[in-house]
Amino acid sequence: MEANPILMAKITVSVVIGGFIVLLMLLYNLLVLKPKLQRQDPEMVKKISLCTSLSPGKPSYLSKDRGPLLGQGILSSNGPIWAHQRKIIAPELYTDKVKVVKQRTEASYEKDLLQMVHEGAKSCNDYYGLSTDSSRDKFIVDNCKNIYFAGHETTAITATWSLMLLAAHPEWQARARAEVLEVCGDSPPDANMLRNMKTLTMVIQETLRLYPPAAFVIRAALEDITFKDIMISKGMNIQIPVPILQQQCDLWGPDAHKFNPERFAHGIVGACKTPQAYMPFGVGPHVCAGQHFAMTELKVISTLILSKFCFSLSPGYQHSPAFRLVIVPEHGVTLRVRTA
Ligand code: HEM
């Protein structure tokens, strides 16, 4: 049988077009979607958590795509500029500093965080071309925006989720209130009292397990780096989905999706088979600089509310956690409140 030349030509054209489309799809995958490797392995997370090298650093898209929000502040920078920022900011958020804020405002002998950032902008001229007034101003503005973004929304949202959970679990609300009244009596909470709030700490830890405001811990390989058996080439991004990790039944037990602060009765080590899988404040050298400050704020807010009010969920509350840079209750949290 002789080949039909028209049919052959049609077949050739469609093979060429088909091949071209496949090639385009491959290129799209490679250049736009970028290849992804997904690995579900707590041991891998443990290795990343315990890594003290600065090579898993912050991805460049943080300062590019989110430039207007983050600029080149501590949340998005790497290398010596990050180290300089961390050195200025982190010590200002240590628990001891938080404790002396009251004395400090009265005596004004110690510098505050803004003054430290201001001085930090002046003292790093040599490193990063911060030699002009505008680049120094940018250093100050970027870091103020970073501290505001890192510190405000995260803590406010955690307080909100925590009130929602206590409203939905009256038995835990009663336990937490009893503790507050026992430890504080009629006085406002001080640092020692806050340290003794075991139940409240467990409630906040469990809130941060179920609703960690930061949905991902993100890193970029700044050089080739190997975790367990996988070599991650320079430039690749690493994302750890925190809420998924923190609710895995094989790590946390069959009630992993339930609110059960009791699991933290013996600390994080007692709560999870792989304690490194608990990371609401991130991991490694970039771990949240304000975590102790945040815990203090959360305990103070909860103590003041619990000591004065009882609350339950309003029938209008719609449960809908949504990802808006941080994990928020999409429709807010509406509570019914009465004096305790
Ligand atoms: C519940 C409240 C908070 C949560 C859940 C939280 C969580 C986080 C997370 C997940 C990171 C990224 C860590 C990583 O990449 O490994 C981070 C970084 C950071 N947080 Fe927080 N944060 C909270 C409150 C605060 C507060 C109150 C402050 C300061 C006032 C603060 C300051 C920072 C700073 C400066 C960084 C950047 C650290 C660095 O890259 O060196 N955070 N936080």
# chains A, B, ... in the order shown; residues from 1 in each chain; ligands from 1
$ closest_atom_pairs --of "chain A" --to "ligand 1" --cutoff "7 Å" --atoms "only C-alpha atoms and all ligand atoms" --output "Markdown table"
| residue | atom | partner | partner_atom_place_in_ligand_line | distance |
| --- | --- | --- | --- | --- |
| A:Ile74 | CA | ligand 1 | 40 (O) | 5.3 |
| A:Leu75 | CA | ligand 1 | 40 (O) | 4.5 |
| A:Ser76 | CA | ligand 1 | 40 (O) | 7.0 |
| A:Trp82 | CA | ligand 1 | 41 (O) | 6.9 |
| A:Arg86 | CA | ligand 1 | 41 (O) | 5.5 |
| A:Ile89 | CA | ligand 1 | 35 (C) | 6.6 |
| A:Ala90 | CA | ligand 1 | 35 (C) | 6.8 |
| A:Leu93 | CA | ligand 1 | 29 (C) | 6.7 |
| A:Asn146 | CA | ligand 1 | 35 (C) | 6.9 |
| A:Ile147 | CA | ligand 1 | 35 (C) | 5.4 |
| A:Tyr148 | CA | ligand 1 | 30 (C) | 6.9 |
| A:Ala150 | CA | ligand 1 | 42 (N) | 4.7 |
| A:Gly151 | CA | ligand 1 | 26 (C) | 3.3 |
| A:His152 | CA | ligand 1 | 27 (C) | 6.2 |
| A:Thr154 | CA | ligand 1 | 2 (C) | 4.5 |
| A:Thr155 | CA | ligand 1 | 2 (C) | 4.0 |
| A:Thr158 | CA | ligand 1 | 1 (C) | 5.5 |
| A:Leu208 | CA | ligand 1 | 5 (C) | 6.8 |
| A:Pro212 | CA | ligand 1 | 5 (C) | 5.8 |
| A:Pro213 | CA | ligand 1 | 5 (C) | 5.3 |
| A:Ala214 | CA | ligand 1 | 10 (C) | 5.0 |
| A:Val217 | CA | ligand 1 | 15 (O) | 5.2 |
| A:Ile218 | CA | ligand 1 | 15 (O) | 6.0 |
| A:Pro280 | CA | ligand 1 | 5 (C) | 5.1 |
| A:Phe281 | CA | ligand 1 | 7 (C) | 4.0 |
| A:Gly282 | CA | ligand 1 | 16 (O) | 3.3 |
| A:Val283 | CA | ligand 1 | 16 (O) | 4.1 |
| A:Gly284 | CA | ligand 1 | 16 (O) | 6.1 |
| A:Pro285 | CA | ligand 1 | 41 (O) | 6.7 |
| A:His286 | CA | ligand 1 | 41 (O) | 3.9 |
| A:Val287 | CA | ligand 1 | 16 (O) | 4.1 |
| A:Cys288 | CA | ligand 1 | 18 (C) | 3.6 |
| A:Ala289 | CA | ligand 1 | 34 (C) | 4.6 |
| A:Gly290 | CA | ligand 1 | 28 (C) | 3.7 |
| A:Gln291 | CA | ligand 1 | 24 (C) | 5.4 |
| A:Phe293 | CA | ligand 1 | 27 (C) | 5.6 |
| A:Ala294 | CA | ligand 1 | 27 (C) | 4.2 |
| A:Met295 | CA | ligand 1 | 1 (C) | 6.8 |
$ closest_residue --among "A:Met197, A:Ile21, A:Ile268, A:Leu50" --to "Thr296 of chain A" --atoms "only C-alpha atoms"
A:Met197
$ closest_residue --among "A:Asn260, A:Asn192, A:Ser320, A:Gln85" --to "Glu119 of chain A" --atoms "only C-alpha atoms"
A:Gln85
$ residues_around --residues "Ala220 of chain A" --least-positions-apart "5" --cutoff "12 Å" --atoms "only C-alpha atoms" --output "list in words"
Ile48, Leu54, Ser55, Pro56, Gly57, Lys58, Pro59, Ser60, Tyr61, Leu62, Ser76, Ser77, Asn78, Ile225, Ile232, Ser233, Lys234, Gly235, Met236, Asn237, Ile238, Gln239 and Ile240 of chain A
$ write_last_selection --atoms "C-alpha atoms" --output "tab-separated table (two decimals), in the first residue's frame"
chain	number	residue	atom	x	y	z
A	48	ILE	CA	17.24	21.21	59.01
A	54	LEU	CA	23.99	30.10	57.75
A	55	SER	CA	23.83	28.54	54.30
A	56	PRO	CA	20.15	27.79	54.53
A	57	GLY	CA	19.33	31.51	54.52
A	58	LYS	CA	16.42	33.67	53.47
A	59	PRO	CA	15.21	33.29	49.85
A	60	SER	CA	15.79	36.28	47.58
A	61	TYR	CA	12.08	36.55	46.68
A	62	LEU	CA	11.43	37.91	50.17
A	76	SER	CA	14.66	39.01	54.55
A	77	SER	CA	18.41	39.61	54.78
A	78	ASN	CA	21.37	37.23	54.89
A	225	ILE	CA	24.00	21.76	51.01
A	232	ILE	CA	20.03	20.72	47.66
A	233	SER	CA	21.70	22.81	45.00
A	234	LYS	CA	22.52	26.44	45.49
A	235	GLY	CA	19.49	28.62	44.72
A	236	MET	CA	16.82	26.04	45.62
A	237	ASN	CA	14.16	27.08	48.11
A	238	ILE	CA	13.09	24.92	51.05
A	239	GLN	CA	9.61	25.22	52.57
A	240	ILE	CA	8.50	23.47	55.75
$ select_by_dssp --residues "segment 60-232 of chain A" --states "alpha helix (DSSP H)" --output "compact mmCIF listing (two decimals) with C-alpha atoms, in the first residue's frame"
# COMPACT_ATOMS: atom_id res chain seq x y z
CA TYR A 61 12.08 36.55 46.68
CA LEU A 62 11.43 37.91 50.17
CA SER A 63 13.23 41.14 49.44
CA LYS A 64 12.18 41.20 45.74
CA GLY A 67 10.17 44.41 48.98
CA PRO A 68 7.64 47.12 49.88
CA LEU A 69 6.76 45.20 53.04
CA LEU A 70 10.11 43.78 54.14
CA GLY A 79 25.07 37.26 55.61
CA PRO A 80 26.85 40.03 57.53
CA ILE A 81 23.96 42.53 57.27
CA TRP A 82 21.58 39.98 58.86
CA ALA A 83 24.17 39.22 61.57
CA HIS A 84 24.49 42.96 62.30
CA GLN A 85 20.70 43.38 62.49
CA ARG A 86 20.30 40.29 64.69
CA LYS A 87 23.00 41.58 67.05
CA ILE A 88 21.19 44.88 67.46
CA ILE A 89 17.62 43.60 67.71
CA THR A 95 13.33 38.36 78.87
CA ASP A 96 15.56 40.37 81.20
CA LYS A 97 15.26 43.43 78.99
CA VAL A 98 11.50 43.05 78.89
CA LYS A 99 11.45 42.93 82.69
CA VAL A 101 11.27 48.19 80.64
CA LYS A 102 9.39 49.77 83.53
CA GLN A 103 12.54 50.88 85.35
CA ARG A 104 14.05 51.95 82.07
CA THR A 105 11.20 54.26 81.12
CA GLU A 106 11.37 55.78 84.58
CA ALA A 107 15.14 56.23 84.71
CA LEU A 113 15.08 49.14 70.59
CA LEU A 114 14.54 52.12 68.30
CA GLN A 115 17.67 53.84 69.60
CA MET A 116 19.64 50.62 69.03
CA VAL A 117 18.38 50.33 65.44
CA HIS A 118 19.21 53.99 64.90
CA GLU A 119 22.75 53.53 66.19
CA GLY A 120 23.08 50.26 64.25
CA ALA A 121 22.41 52.17 61.05
CA LYS A 122 25.30 54.50 61.81
CA ASN A 125 28.72 52.20 57.15
CA ASP A 126 31.66 50.16 56.01
CA TYR A 127 29.80 46.98 55.29
CA TYR A 128 26.95 47.77 52.97
CA ASP A 133 21.60 59.53 54.90
CA SER A 134 18.98 57.90 52.67
CA SER A 135 20.51 54.41 52.93
CA ARG A 136 20.77 54.80 56.70
CA ASP A 137 17.13 55.92 56.81
CA LYS A 138 16.19 52.88 54.73
CA PHE A 139 17.97 50.60 57.22
CA ILE A 140 15.95 52.14 60.06
CA VAL A 141 12.62 52.13 58.22
CA ASP A 142 13.04 48.56 56.89
CA ASN A 143 13.87 47.21 60.33
CA CYS A 144 11.02 49.09 62.01
CA LYS A 145 8.62 47.66 59.42
CA ASN A 146 10.10 44.17 59.94
CA ILE A 147 9.78 44.30 63.72
CA TYR A 148 6.24 45.63 63.45
CA THR A 154 1.65 37.23 64.90
CA THR A 155 1.00 37.91 68.57
CA ALA A 156 -2.42 39.51 68.01
CA ILE A 157 -3.59 36.56 65.90
CA THR A 158 -2.28 34.03 68.44
CA ALA A 159 -4.15 35.84 71.22
CA THR A 160 -7.30 35.69 69.07
CA TRP A 161 -6.96 31.94 68.33
CA SER A 162 -6.24 31.28 71.97
CA LEU A 163 -9.43 33.08 73.08
CA MET A 164 -11.39 31.15 70.46
CA LEU A 165 -10.02 27.82 71.74
CA LEU A 166 -10.65 28.71 75.39
CA ALA A 167 -14.18 29.82 74.48
CA ALA A 168 -14.78 26.49 72.73
CA PRO A 170 -14.87 25.85 78.85
CA GLU A 171 -13.10 23.22 80.99
CA TRP A 172 -9.69 24.61 79.94
CA GLN A 173 -10.92 28.17 80.35
CA ALA A 174 -11.95 27.35 83.94
CA ARG A 175 -8.58 25.66 84.63
CA ALA A 176 -6.63 28.60 83.23
CA ARG A 177 -8.73 31.12 85.20
CA ALA A 178 -8.31 29.15 88.43
CA GLU A 179 -4.55 29.24 87.91
CA VAL A 180 -4.55 32.98 87.21
CA LEU A 181 -6.55 33.69 90.37
CA GLU A 182 -4.36 31.37 92.46
CA VAL A 183 -1.07 32.83 91.20
CA CYS A 184 -1.98 36.52 90.92
CA ALA A 191 7.45 38.35 85.75
CA ASN A 192 7.55 35.76 88.57
CA MET A 193 3.83 35.16 88.42
CA LEU A 194 3.94 34.70 84.65
CA ARG A 195 6.70 32.12 85.02
CA LYS A 198 1.92 26.36 83.80
CA THR A 199 -1.60 25.78 82.49
CA LEU A 200 -1.61 29.05 80.59
CA THR A 201 1.74 28.19 79.00
CA MET A 202 0.34 24.83 77.89
CA VAL A 203 -2.74 26.52 76.41
CA ILE A 204 -0.59 28.98 74.43
CA GLN A 205 1.77 26.23 73.24
CA GLU A 206 -1.21 24.18 72.06
CA THR A 207 -2.70 27.24 70.33
CA LEU A 208 0.59 27.77 68.49
CA ARG A 209 0.64 24.09 67.53
CA LEU A 210 -2.84 24.14 65.97
$ atom_distance --atom1 "atom CA of His292 of chain A" --atom2 "atom CA of Tyr94 of chain A"
6.8 Å
$ atom_distance --atom1 "atom CA of Glu153 of chain A" --atom2 "atom CA of Ala322 of chain A"
14.1 Å
$ closest_residue --among "A:Gln248, A:Leu24, A:Thr52, A:Asp224" --to "Gln40 of chain A" --atoms "only C-alpha atoms"
A:Gln248
